[in-house]
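Shown next: data_0.txt, given as compact mmCIF, C-alpha atoms and all ligand atoms.
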```txt
# COMPACT_ATOMS: atom_id res chain seq x y z
CA MET A 1 36.18 -12.96 1.54
CA ARG A 2 32.70 -12.69 0.03
CA LYS A 3 29.96 -11.88 2.53
CA ARG A 4 27.21 -14.47 2.43
CA VAL A 5 23.71 -13.46 1.41
CA ILE A 6 20.52 -15.14 2.54
CA ALA A 7 17.60 -13.59 0.68
CA GLY A 8 13.97 -14.52 1.20
CA ASN A 9 11.58 -14.25 -1.71
CA TRP A 10 8.08 -14.07 -0.26
CA LYS A 11 6.48 -14.09 -3.74
CA MET A 12 2.72 -13.32 -3.65
CA ASN A 13 2.37 -14.42 -0.03
CA MET A 14 1.79 -12.52 3.23
CA THR A 15 -0.77 -9.81 3.72
CA GLY A 16 0.51 -6.86 5.71
CA THR A 17 -1.23 -8.26 8.78
CA GLU A 18 0.38 -11.67 8.30
CA ALA A 19 3.77 -10.07 7.70
CA LYS A 20 3.61 -8.21 11.04
CA LYS A 21 2.72 -11.40 12.89
CA PHE A 22 5.42 -13.43 11.15
CA LEU A 23 8.18 -10.87 11.57
CA LYS A 24 7.43 -10.57 15.29
CA LYS A 25 8.44 -14.22 15.58
CA ILE A 26 11.59 -14.13 13.46
CA VAL A 27 13.19 -10.66 13.38
CA GLU A 28 15.29 -10.97 16.54
CA LYS A 29 16.52 -14.38 15.46
CA ILE A 30 17.66 -13.35 11.98
CA ASN A 31 19.08 -9.96 12.97
CA THR A 32 22.76 -10.36 12.17
CA ASP A 33 25.36 -8.60 10.10
CA LYS A 34 27.65 -11.63 9.85
CA LYS A 35 25.65 -12.42 6.71
CA GLU A 36 23.56 -10.14 4.52
CA ILE A 37 19.96 -10.97 5.34
CA VAL A 38 17.51 -9.61 2.79
CA LEU A 39 13.73 -9.82 2.78
CA CYS A 40 12.24 -9.41 -0.71
CA VAL A 41 8.57 -8.81 -0.17
CA PRO A 42 5.44 -7.89 -2.16
CA SER A 43 5.48 -4.18 -2.97
CA ILE A 44 2.39 -3.41 -0.90
CA ASP A 45 4.10 -4.91 2.17
CA ILE A 46 7.26 -2.83 1.75
CA PRO A 47 6.34 0.10 4.07
CA ILE A 48 5.03 -2.29 6.72
CA VAL A 49 8.14 -4.46 6.64
CA ASN A 50 10.39 -1.41 6.55
CA ASN A 51 8.74 -0.07 9.66
CA ILE A 52 9.45 -3.32 11.51
CA ILE A 53 13.04 -3.89 10.39
CA LYS A 54 14.26 -0.28 10.14
CA ASN A 55 16.33 -0.46 13.34
CA THR A 56 17.78 -3.88 12.58
CA LYS A 57 20.56 -5.14 10.30
CA ILE A 58 18.06 -6.83 8.01
CA LYS A 59 17.85 -5.38 4.50
CA LEU A 60 14.74 -4.73 2.46
CA GLY A 61 14.25 -5.98 -1.07
CA ALA A 62 11.54 -5.82 -3.73
CA GLU A 63 10.45 -8.66 -5.99
CA ASN A 64 10.16 -6.56 -9.13
CA PHE A 65 10.14 -3.04 -10.57
CA TYR A 66 9.91 -1.31 -13.94
CA PHE A 67 12.87 0.36 -15.61
CA GLU A 68 11.21 3.65 -16.65
CA ASN A 69 11.41 6.65 -14.30
CA ARG A 70 7.70 7.49 -14.19
CA GLY A 71 4.69 7.95 -16.42
CA ALA A 72 1.83 6.01 -18.00
CA TYR A 73 2.76 2.46 -16.89
CA THR A 74 -0.33 1.40 -15.01
CA GLY A 75 0.38 -1.07 -12.26
CA GLU A 76 4.14 -0.65 -12.25
CA ILE A 77 6.54 0.75 -9.66
CA SER A 78 9.81 2.58 -10.29
CA ALA A 79 13.29 2.37 -8.79
CA GLU A 80 12.78 5.82 -7.25
CA MET A 81 9.62 4.63 -5.51
CA LEU A 82 11.48 1.64 -4.05
CA ILE A 83 14.38 3.76 -2.86
CA ASP A 84 11.97 6.23 -1.27
CA GLN A 85 10.67 3.31 0.83
CA LYS A 86 14.21 2.26 1.89
CA VAL A 87 14.45 -0.69 -0.47
CA SER A 88 18.02 -1.55 -1.40
CA TYR A 89 17.75 -4.88 -3.29
CA VAL A 90 15.51 -6.07 -6.09
CA ILE A 91 15.00 -9.49 -7.66
CA ILE A 92 15.28 -9.34 -11.45
CA GLY A 93 14.60 -12.05 -14.00
CA HIS A 94 12.99 -14.59 -11.69
CA SER A 95 11.78 -17.56 -13.74
CA GLU A 96 8.20 -16.84 -12.65
CA ARG A 97 8.48 -13.35 -14.17
CA ARG A 98 10.07 -14.76 -17.31
CA GLN A 99 7.57 -17.58 -17.75
CA ILE A 100 4.26 -16.27 -16.41
CA PHE A 101 4.67 -12.55 -17.14
CA LYS A 102 6.68 -13.03 -20.35
CA GLU A 103 9.59 -10.81 -19.34
CA THR A 104 12.18 -10.94 -22.09
CA SER A 105 15.94 -10.92 -21.70
CA LYS A 106 15.90 -7.37 -23.13
CA MET A 107 13.56 -6.15 -20.39
CA ILE A 108 15.63 -7.93 -17.78
CA ASN A 109 18.79 -6.27 -19.10
CA LYS A 110 17.12 -2.84 -18.97
CA LYS A 111 16.00 -3.48 -15.40
CA ILE A 112 19.52 -4.50 -14.36
CA ILE A 113 21.03 -1.36 -15.89
CA LYS A 114 18.41 0.86 -14.27
CA ALA A 115 18.83 -0.85 -10.89
CA VAL A 116 22.62 -0.44 -10.75
CA GLU A 117 22.45 3.15 -11.97
CA GLU A 118 19.99 3.92 -9.16
CA ASN A 119 22.16 2.12 -6.61
CA LEU A 120 19.71 -0.74 -6.08
CA ILE A 121 21.39 -4.14 -5.77
CA PRO A 122 19.91 -6.50 -8.33
CA ILE A 123 19.55 -10.19 -7.49
CA ILE A 124 19.69 -11.54 -11.02
CA CYS A 125 18.09 -14.95 -11.53
CA CYS A 126 19.03 -17.53 -14.11
CA GLY A 127 18.30 -21.21 -14.49
CA GLU A 128 17.36 -23.98 -16.84
CA THR A 129 14.19 -26.02 -17.32
CA LEU A 130 14.13 -29.76 -16.69
CA LYS A 131 14.01 -30.36 -20.43
CA GLN A 132 17.12 -28.27 -20.96
CA ARG A 133 18.94 -30.14 -18.20
CA GLU A 134 17.98 -33.49 -19.68
CA LYS A 135 19.19 -32.35 -23.11
CA LYS A 136 22.47 -31.22 -21.51
CA GLU A 137 21.77 -27.62 -22.45
CA THR A 138 22.14 -26.23 -18.93
CA LEU A 139 25.48 -24.48 -19.42
CA SER A 140 24.72 -23.05 -22.86
CA HIS A 141 21.40 -21.71 -21.55
CA ILE A 142 23.03 -20.14 -18.49
CA LYS A 143 25.73 -18.61 -20.69
CA LYS A 144 23.10 -16.94 -22.88
CA GLN A 145 21.11 -15.68 -19.88
CA ILE A 146 24.19 -14.22 -18.18
CA GLU A 147 25.55 -12.62 -21.35
CA ASP A 148 22.14 -11.11 -22.12
CA ALA A 149 21.72 -9.91 -18.54
CA TYR A 150 25.07 -8.09 -18.40
CA LYS A 151 24.99 -6.55 -21.89
CA GLY A 152 26.10 -2.92 -21.50
CA VAL A 153 26.48 -3.16 -17.70
CA ASP A 154 29.51 -1.04 -16.80
CA GLU A 155 32.19 -3.00 -14.95
CA LYS A 156 32.16 -0.53 -12.05
CA TYR A 157 28.73 -1.87 -11.07
CA VAL A 158 29.27 -5.58 -11.51
CA LYS A 159 30.80 -6.59 -8.17
CA LYS A 160 27.75 -5.17 -6.39
CA THR A 161 25.32 -7.30 -8.39
CA ILE A 162 24.24 -10.69 -7.09
CA ILE A 163 23.43 -13.69 -9.27
CA ALA A 164 21.04 -16.43 -8.19
CA TYR A 165 21.29 -19.75 -9.96
CA GLU A 166 17.80 -21.21 -9.75
CA PRO A 167 17.13 -24.34 -11.78
CA ILE A 168 13.46 -24.04 -12.68
CA TRP A 169 12.80 -27.71 -11.99
CA ALA A 170 13.89 -27.14 -8.38
CA ILE A 171 11.74 -24.08 -7.63
CA GLY A 172 8.85 -24.84 -5.32
CA THR A 173 8.98 -28.52 -6.25
CA GLY A 174 10.80 -29.94 -3.25
CA LYS A 175 13.46 -31.23 -5.66
CA THR A 176 16.83 -29.65 -4.99
CA ALA A 177 19.89 -29.75 -7.16
CA THR A 178 22.54 -31.70 -5.29
CA ALA A 179 25.16 -29.49 -3.69
CA ASP A 180 27.63 -30.67 -6.35
CA GLU A 181 25.23 -29.92 -9.23
CA ALA A 182 24.62 -26.44 -7.83
CA GLU A 183 28.36 -25.87 -7.31
CA ASP A 184 29.14 -26.92 -10.89
CA VAL A 185 26.81 -24.31 -12.35
CA CYS A 186 27.77 -21.59 -9.85
CA SER A 187 31.47 -22.07 -10.60
CA TYR A 188 30.64 -21.95 -14.31
CA ILE A 189 28.80 -18.63 -13.76
CA ARG A 190 31.88 -17.27 -11.98
CA LYS A 191 33.97 -18.21 -15.03
CA LEU A 192 31.47 -16.45 -17.31
CA ILE A 193 31.83 -13.27 -15.26
CA LYS A 194 35.61 -13.61 -15.48
CA ASN A 195 35.36 -13.86 -19.27
CA LEU A 196 32.93 -10.93 -19.50
CA TYR A 197 34.88 -8.72 -17.04
CA ASP A 198 37.96 -9.89 -15.14
CA GLU A 199 39.25 -12.27 -12.49
CA LYS A 200 38.97 -9.74 -9.64
CA ILE A 201 35.32 -8.97 -10.33
CA SER A 202 34.52 -12.67 -10.73
CA GLN A 203 35.99 -13.32 -7.27
CA GLU A 204 34.02 -10.47 -5.70
CA ILE A 205 30.57 -11.10 -7.12
CA ARG A 206 28.18 -13.14 -4.95
CA ILE A 207 26.50 -16.16 -6.53
CA LEU A 208 23.58 -17.76 -4.72
CA TYR A 209 21.71 -21.00 -5.19
CA GLY A 210 17.91 -21.10 -5.09
CA GLY A 211 15.45 -23.96 -5.50
CA SER A 212 13.80 -25.79 -2.60
CA VAL A 213 16.47 -24.82 -0.09
CA ASN A 214 15.29 -25.85 3.35
CA LYS A 215 16.64 -26.13 6.88
CA ASN A 216 17.94 -29.65 6.20
CA ASN A 217 19.85 -29.10 2.97
CA ALA A 218 21.02 -25.48 3.42
CA LYS A 219 24.25 -26.22 5.28
CA GLU A 220 25.62 -28.59 2.65
CA ILE A 221 24.68 -26.33 -0.25
CA PHE A 222 26.17 -23.24 1.40
CA SER A 223 29.40 -25.10 2.16
CA LYS A 224 30.39 -25.13 -1.51
CA GLU A 225 33.21 -22.87 -2.65
CA ASN A 226 31.31 -20.93 -5.29
CA ILE A 227 27.95 -20.72 -3.53
CA ASP A 228 27.72 -17.57 -1.43
CA GLY A 229 24.28 -18.13 0.05
CA GLY A 230 20.75 -18.71 -1.10
CA LEU A 231 17.58 -17.24 -2.53
CA ILE A 232 14.86 -18.86 -0.51
CA GLY A 233 11.21 -19.05 -1.59
CA GLY A 234 8.82 -21.34 0.29
CA ALA A 235 10.98 -21.70 3.39
CA SER A 236 11.34 -17.91 3.77
CA ILE A 237 7.73 -17.56 4.89
CA LYS A 238 8.14 -20.14 7.63
CA GLU A 239 10.13 -20.10 10.86
CA ASP A 240 12.48 -22.51 9.03
CA PHE A 241 14.05 -19.34 7.61
CA ILE A 242 15.74 -18.84 10.98
CA ASP A 243 17.55 -22.18 10.65
CA ILE A 244 18.53 -21.39 7.07
CA VAL A 245 20.03 -18.05 8.16
CA LYS A 246 22.02 -19.94 10.81
CA ALA A 247 23.11 -22.74 8.46
C1 LIG B 301 12.40 -18.92 -5.58
O1 LIG B 301 11.30 -18.79 -6.05
O2 LIG B 301 13.25 -18.02 -5.74
C2 LIG B 301 12.70 -20.15 -4.86
C3 LIG B 301 13.94 -20.48 -4.69
O3 LIG B 301 11.63 -20.85 -4.41
P1 LIG B 301 11.66 -22.18 -3.50
O4 LIG B 301 12.70 -21.99 -2.43
O5 LIG B 301 10.28 -22.29 -2.94
O6 LIG B 301 12.00 -23.32 -4.40
```
Could I get this file's structure written as structure tokens?
Amino acid sequence: MRKRVIAGNWKMNMTGTEAKKFLKKIVEKINTDKKEIVLCVPSIDIPIVNNIIKNTKIKLGAENFYFENRGAYTGEISAEMLIDQKVSYVIIGHSERRQIFKETSKMINKKIIKAVEENLIPIICCGETLKQREKKETLSHIKKQIEDAYKGVDEKYVKKTIIAYEPIWAIGTGKTATADEAEDVCSYIRKLIKNLYDEKISQEIRILYGGSVNKNNAKEIFSKENIDGGLIGGASIKEDFIDIVKA
């Protein structure tokens, strides 16, 4: 039985002051270990959020990091720095990082390898553009992204990794993939993992859906066989997140 994961991606939202106020309202209500609840927050908020959730079952995640250990990389943060602040998850390859900050599949692959070697759980994002979907290139694009992401990743680490299928046209747009569309791609991703590794690993790995999940559509999406939870953007900075956790 795969444990469900509900991960919030705060993106570049929430000052430390706002985070304290928000968490006061939601922490008790999302504090469960029946599902893995993860808050991925801006790096400057990490110590503040850690301080608030440290005695709960809620896990702490980062939105990004750099794969080098330390050195002249102005503006970047390392895996060691995250771990020192009790971070255990990190989002890698989000479409906003790929598109706005020009992260390449090579960089994403290096980040994944570094994360697993440091015992950070990567939440690896993949997803197609609207144009690719219309041209029926969704599956070939996902195949390339997954194969690139897992290049050189030792099989002993794979079951701990998490994949988030996030169609770009559904992120922050209010348009969601239907539960069946999401399930089709998530089951395809599971098959890709089976081909890259083996059946056992493909049945253990958690695959999430992300893209305009809200309190009204979460239950149906999460009911699908190959969808093990969600990566939640906009709704994770609202009290709606409580309903999504309960969905
Ligand atoms: C995201 O950015 O990971 C995301 C899923 O955003 P939203 O829920 O706002 O579409």
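Our summary of the geometry notes that atom CA of A:Met14 is positioned 23.9 Å from atom CA of A:Glu103.
Of the listed residues A:Asn13, A:Ser88, A:Asn55, A:Asn216, the one whose atoms come nearest to A:Asn119 is A:Ser88, with distances taken using all atoms listed in the file.
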Please list as a JSON list (two decimals) with C-alpha atoms, keeping the file's coordinate frame every residue within 12 Å of A:Gly75, counting only C-alpha atoms and excluding residues in the same chain fewer than 5 positions away.
```json
[["chain", "number", "residue", "atom", "x", "y", "z"],
["A", 43, "SER", "CA", 5.48, -4.18, -2.97],
["A", 44, "ILE", "CA", 2.39, -3.41, -0.90],
["A", 64, "ASN", "CA", 10.16, -6.56, -9.13],
["A", 65, "PHE", "CA", 10.14, -3.04, -10.57],
["A", 66, "TYR", "CA", 9.91, -1.31, -13.94],
["A", 70, "ARG", "CA", 7.70, 7.49, -14.19]]
```
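Of the listed residues (A:Ile112, A:Met12, A:Leu231, A:Ala170), A:Ala170 comes nearest to A:Ser212; the distances count only C-alpha atoms.
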All residues within 7 Å of ligand LIG 301 (chain B) are required, counting only C-alpha atoms and all ligand atoms; please report them as an MDAnalysis selection string. chainID A and resid 9 94 166 170:174 210:213 231:235
Could you list, as a list of chain:residue names, every residue within 10 Å of A:Asn217, counting all atoms listed in the file and ignoring same-chain residues fewer than 4 positions away? A:Thr176, A:Thr178, A:Ala179, A:Ser212, A:Val213, A:Ile221, A:Phe222, A:Ile244, A:Ala247
Is it possible to produce a file of stretch 116-228 of chain A from this structure, with C-alpha atoms, as a CSV table (one decimal), in the first residue's frame?
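Wrote it out as decode31.csv, contents follow:
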```
chain,number,residue,atom,x,y,z
A,116,VAL,CA,19.0,11.1,-3.1
A,117,GLU,CA,22.6,10.7,-2.1
A,118,GLU,CA,22.0,13.2,0.7
A,119,ASN,CA,18.9,11.5,1.8
A,120,LEU,CA,16.6,14.3,0.7
A,121,ILE,CA,13.3,13.1,-1.0
A,122,PRO,CA,13.0,14.7,-4.4
A,123,ILE,CA,9.6,15.5,-5.7
A,124,ILE,CA,10.4,15.4,-9.4
A,125,CYS,CA,8.0,17.3,-11.7
A,126,CYS,CA,7.2,16.6,-15.3
A,127,GLY,CA,4.5,17.7,-17.6
A,128,GLU,CA,3.6,18.9,-21.1
A,129,THR,CA,2.6,22.2,-22.5
A,130,LEU,CA,-0.8,22.8,-24.1
A,131,LYS,CA,0.8,22.8,-27.5
A,132,GLN,CA,2.4,19.4,-26.9
A,133,ARG,CA,-0.9,18.0,-25.6
A,134,GLU,CA,-2.8,19.3,-28.7
A,135,LYS,CA,-0.1,17.7,-30.9
A,136,LYS,CA,-0.5,14.4,-29.0
A,137,GLU,CA,3.1,14.6,-27.8
A,138,THR,CA,2.2,14.3,-24.1
A,139,LEU,CA,3.5,10.7,-23.6
A,140,SER,CA,6.7,11.1,-25.7
A,141,HIS,CA,7.5,14.3,-23.8
A,142,ILE,CA,6.9,12.7,-20.4
A,143,LYS,CA,9.0,9.7,-21.5
A,144,LYS,CA,11.9,11.9,-22.3
A,145,GLN,CA,11.6,13.9,-19.1
A,146,ILE,CA,11.4,10.8,-16.9
A,147,GLU,CA,14.3,9.0,-18.7
A,148,ASP,CA,16.4,12.2,-18.5
A,149,ALA,CA,15.5,12.7,-14.8
A,150,TYR,CA,16.5,9.1,-13.8
A,151,LYS,CA,19.7,8.8,-15.8
A,152,GLY,CA,22.3,7.3,-13.5
A,153,VAL,CA,20.0,7.2,-10.5
A,154,ASP,CA,20.8,3.9,-8.6
A,155,GLU,CA,17.8,1.7,-8.2
A,156,LYS,CA,18.3,1.6,-4.4
A,157,TYR,CA,17.1,5.2,-4.3
A,158,VAL,CA,14.2,5.1,-6.7
A,159,LYS,CA,11.3,3.9,-4.5
A,160,LYS,CA,11.9,6.9,-2.2
A,161,THR,CA,11.6,9.4,-5.0
A,162,ILE,CA,8.3,11.0,-5.7
A,163,ILE,CA,7.1,12.0,-9.2
A,164,ALA,CA,4.6,14.8,-9.8
A,165,TYR,CA,2.8,14.9,-13.1
A,166,GLU,CA,2.0,18.5,-13.6
A,167,PRO,CA,0.6,19.5,-17.0
A,168,ILE,CA,1.8,23.0,-17.6
A,169,TRP,CA,-1.5,24.2,-19.0
A,170,ALA,CA,-3.1,23.2,-15.7
A,171,ILE,CA,-0.7,25.0,-13.3
A,172,GLY,CA,-2.2,28.1,-11.8
A,173,THR,CA,-4.8,28.4,-14.6
A,174,GLY,CA,-7.8,27.0,-12.9
A,175,LYS,CA,-7.9,24.3,-15.7
A,176,THR,CA,-7.5,20.9,-14.3
A,177,ALA,CA,-6.8,17.7,-16.2
A,178,THR,CA,-9.8,15.4,-15.8
A,179,ALA,CA,-9.2,12.7,-13.3
A,180,ASP,CA,-9.1,10.2,-16.2
A,181,GLU,CA,-6.6,12.3,-18.1
A,182,ALA,CA,-4.4,12.6,-15.0
A,183,GLU,CA,-4.7,8.8,-14.4
A,184,ASP,CA,-3.7,8.0,-17.9
A,185,VAL,CA,-0.4,9.8,-17.7
A,186,CYS,CA,0.3,8.7,-14.1
A,187,SER,CA,-0.2,5.1,-15.1
A,188,TYR,CA,2.0,5.6,-18.1
A,189,ILE,CA,4.7,7.1,-15.8
A,190,ARG,CA,4.5,3.9,-13.6
A,191,LYS,CA,5.1,1.8,-16.7
A,192,LEU,CA,8.1,3.9,-17.6
A,193,ILE,CA,9.6,3.3,-14.1
A,194,LYS,CA,8.9,-0.4,-14.5
A,195,ASN,CA,10.8,-0.4,-17.8
A,196,LEU,CA,13.7,1.6,-16.4
A,197,TYR,CA,13.9,-0.4,-13.1
A,198,ASP,CA,11.4,-3.2,-12.3
A,199,GLU,CA,7.8,-4.0,-11.4
A,200,LYS,CA,8.4,-3.9,-7.6
A,201,ILE,CA,9.9,-0.4,-7.7
A,202,SER,CA,7.2,0.8,-10.0
A,203,GLN,CA,4.5,-0.3,-7.5
A,204,GLU,CA,6.3,1.4,-4.6
A,205,ILE,CA,7.1,4.8,-6.1
A,206,ARG,CA,4.5,7.5,-5.4
A,207,ILE,CA,3.1,9.5,-8.3
A,208,LEU,CA,1.2,12.7,-7.6
A,209,TYR,CA,-0.9,14.9,-9.8
A,210,GLY,CA,-0.5,18.7,-9.7
A,211,GLY,CA,-2.3,21.5,-11.6
A,212,SER,CA,-5.2,23.5,-10.1
A,213,VAL,CA,-6.1,20.9,-7.5
A,214,ASN,CA,-8.7,22.4,-5.2
A,215,LYS,CA,-11.1,21.3,-2.5
A,216,ASN,CA,-13.8,20.5,-5.0
A,217,ASN,CA,-11.8,18.3,-7.4
A,218,ALA,CA,-9.2,16.7,-5.1
A,219,LYS,CA,-11.3,13.7,-4.0
A,220,GLU,CA,-12.0,12.5,-7.5
A,221,ILE,CA,-8.4,13.0,-8.7
A,222,PHE,CA,-7.0,11.2,-5.6
A,223,SER,CA,-9.4,8.3,-6.0
A,224,LYS,CA,-7.6,7.1,-9.2
A,225,GLU,CA,-5.5,3.9,-8.9
A,226,ASN,CA,-2.2,5.4,-10.0
A,227,ILE,CA,-2.5,8.8,-8.4
A,228,ASP,CA,-1.0,8.8,-4.9
```
